[in-house]
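The structure appears right after this line, and notes come after that.
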Amino acid sequence: MIFNKYIKINYKRYLLYLIRWQLSTPILAIVPIALHLTDFWTAAFIANIIGGLLFFWVDNFIFTSKDLTTQWEVVENIQCSDCGNVARGYRLVKSSNYDKVKDSEPKFRCENCSINKSNELRKEGVEV
Ligand SMILES: [Zn+2]
């Protein structure tokens, strides 16, 4: 898809951000009722201040959390690059201090070998 060539999207962050946007809708709906406001602009102004106070912290988490940076790729029926077994294969694609996004020959590992590799990477200081 052409879109992916130009913009790197962290889909976990994107999904959380879309869900977070949906949470702003109830605030816009509830504030005028709760405060008995009939003027649309006053109600929207107050609702947006309340939303901003809440969602600043949610957005801050979404865009800075290291947990959301970690991306794995999972492929079915692939030969493990360590033990040679054919199984579901895992590879760490990206974390806050590890980047194999442009790896031209990605290595996948079975679950057990992936756990061992993850432990090795942790010893090297990679955040897995
Ligand atoms: Zn293996």
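Please note that chains go A, B, ... in the order of the structure tokens, that every chain numbers its residues from 1, and that ligands are numbered from 1 in the order shown.
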At a cut-off of 7 Å around ligand 1, and using only C-alpha atoms and all ligand atoms, what residues come up? Please write them as a PyMOL selection string.
chain A and resi 80-85+109-113
Output for the residues just chosen: N, CA and C atoms as a CSV table (one decimal), in the first residue's frame:
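This is the output file out_34.csv:
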chain,number,residue,atom,x,y,z
A,80,CYS,N,12.2,-22.2,12.2
A,80,CYS,CA,12.9,-21.5,13.2
A,80,CYS,C,14.4,-21.4,12.8
A,81,SER,N,14.9,-20.2,12.9
A,81,SER,CA,16.2,-19.9,12.5
A,81,SER,C,17.3,-20.5,13.5
A,82,ASP,N,16.8,-20.9,14.7
A,82,ASP,CA,17.8,-21.5,15.6
A,82,ASP,C,17.7,-23.0,15.7
A,83,CYS,N,16.5,-23.6,15.9
A,83,CYS,CA,16.4,-25.0,16.0
A,83,CYS,C,16.0,-25.8,14.7
A,84,GLY,N,15.4,-25.0,13.8
A,84,GLY,CA,15.0,-25.6,12.5
A,84,GLY,C,13.6,-26.2,12.5
A,85,ASN,N,12.9,-26.2,13.6
A,85,ASN,CA,11.5,-26.7,13.7
A,85,ASN,C,10.6,-25.8,12.9
A,109,ARG,N,11.8,-17.1,15.0
A,109,ARG,CA,12.1,-18.2,15.9
A,109,ARG,C,10.8,-18.8,16.4
A,110,CYS,N,10.9,-20.1,16.7
A,110,CYS,CA,9.7,-20.8,17.4
A,110,CYS,C,9.6,-20.2,18.8
A,111,GLU,N,8.5,-20.5,19.5
A,111,GLU,CA,8.2,-19.9,20.8
A,111,GLU,C,9.3,-20.1,21.8
A,112,ASN,N,9.8,-21.3,21.9
A,112,ASN,CA,10.9,-21.5,22.9
A,112,ASN,C,12.2,-20.8,22.5
A,113,CYS,N,12.6,-20.8,21.3
A,113,CYS,CA,13.8,-20.1,20.8
A,113,CYS,C,13.6,-18.6,20.9
Please return, as JSON, numbers by chain, all residues of stretch 12-105 of chain A that DSSP assigns to strand (DSSP E) on the basis of the backbone.
{"A": [71, 72, 73, 74, 75, 76, 77, 78, 79, 86, 87, 88, 89, 90, 91, 92, 93, 94, 95, 98, 99]}
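If only C-alpha atoms are the atoms counted, then among A:Arg20, A:Gln79, A:Arg122, A:Ile115 the closest residue to A:Asn97 is A:Arg122.
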Residues near stretch 26-40 of chain A, anyone? I mean within 12 Å using only C-alpha atoms, not counting same-chain ones fewer than 2 positions away, as a PyMOL selection string.
chain A and resi 20-24+42-55
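Residues with any atom within 8 Å of A:Val93, counting only C-alpha atoms and excluding same-chain neighbours fewer than 4 positions away, are Thr70, Gln71, Trp72, Glu73, Tyr98, Asp99, Lys100 and Val101 of chain A.
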Please produce an output containing C-alpha atoms for each residue in the selection, written as an mmCIF file, in the first residue's frame.
data_model
loop_
_atom_site.group_PDB
_atom_site.id
_atom_site.type_symbol
_atom_site.label_atom_id
_atom_site.label_comp_id
_atom_site.auth_asym_id
_atom_site.auth_seq_id
_atom_site.Cartn_x
_atom_site.Cartn_y
_atom_site.Cartn_z
ATOM 1 C CA THR A 70 7.461 -2.826 21.171
ATOM 2 C CA GLN A 71 6.280 -4.507 17.966
ATOM 3 C CA TRP A 72 6.385 -8.200 17.149
ATOM 4 C CA GLU A 73 5.817 -9.995 13.856
ATOM 5 C CA TYR A 98 15.957 -1.927 18.928
ATOM 6 C CA ASP A 99 14.977 -1.472 15.290
ATOM 7 C CA LYS A 100 14.801 -4.265 12.697
ATOM 8 C CA VAL A 101 12.013 -2.686 10.641
#
Return as JSON, numbers by chain the full set of residues in stretch 52-84 of chain A whose backbone-based DSSP assignment is helix (DSSP H, G or I).
{"A": [52, 53, 54, 55, 56, 57, 58, 59, 60, 61, 62, 63, 64]}
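Picture a line from atom CA of A:Ser96 to atom CA of A:Lys66; it runs 6.1 Å.
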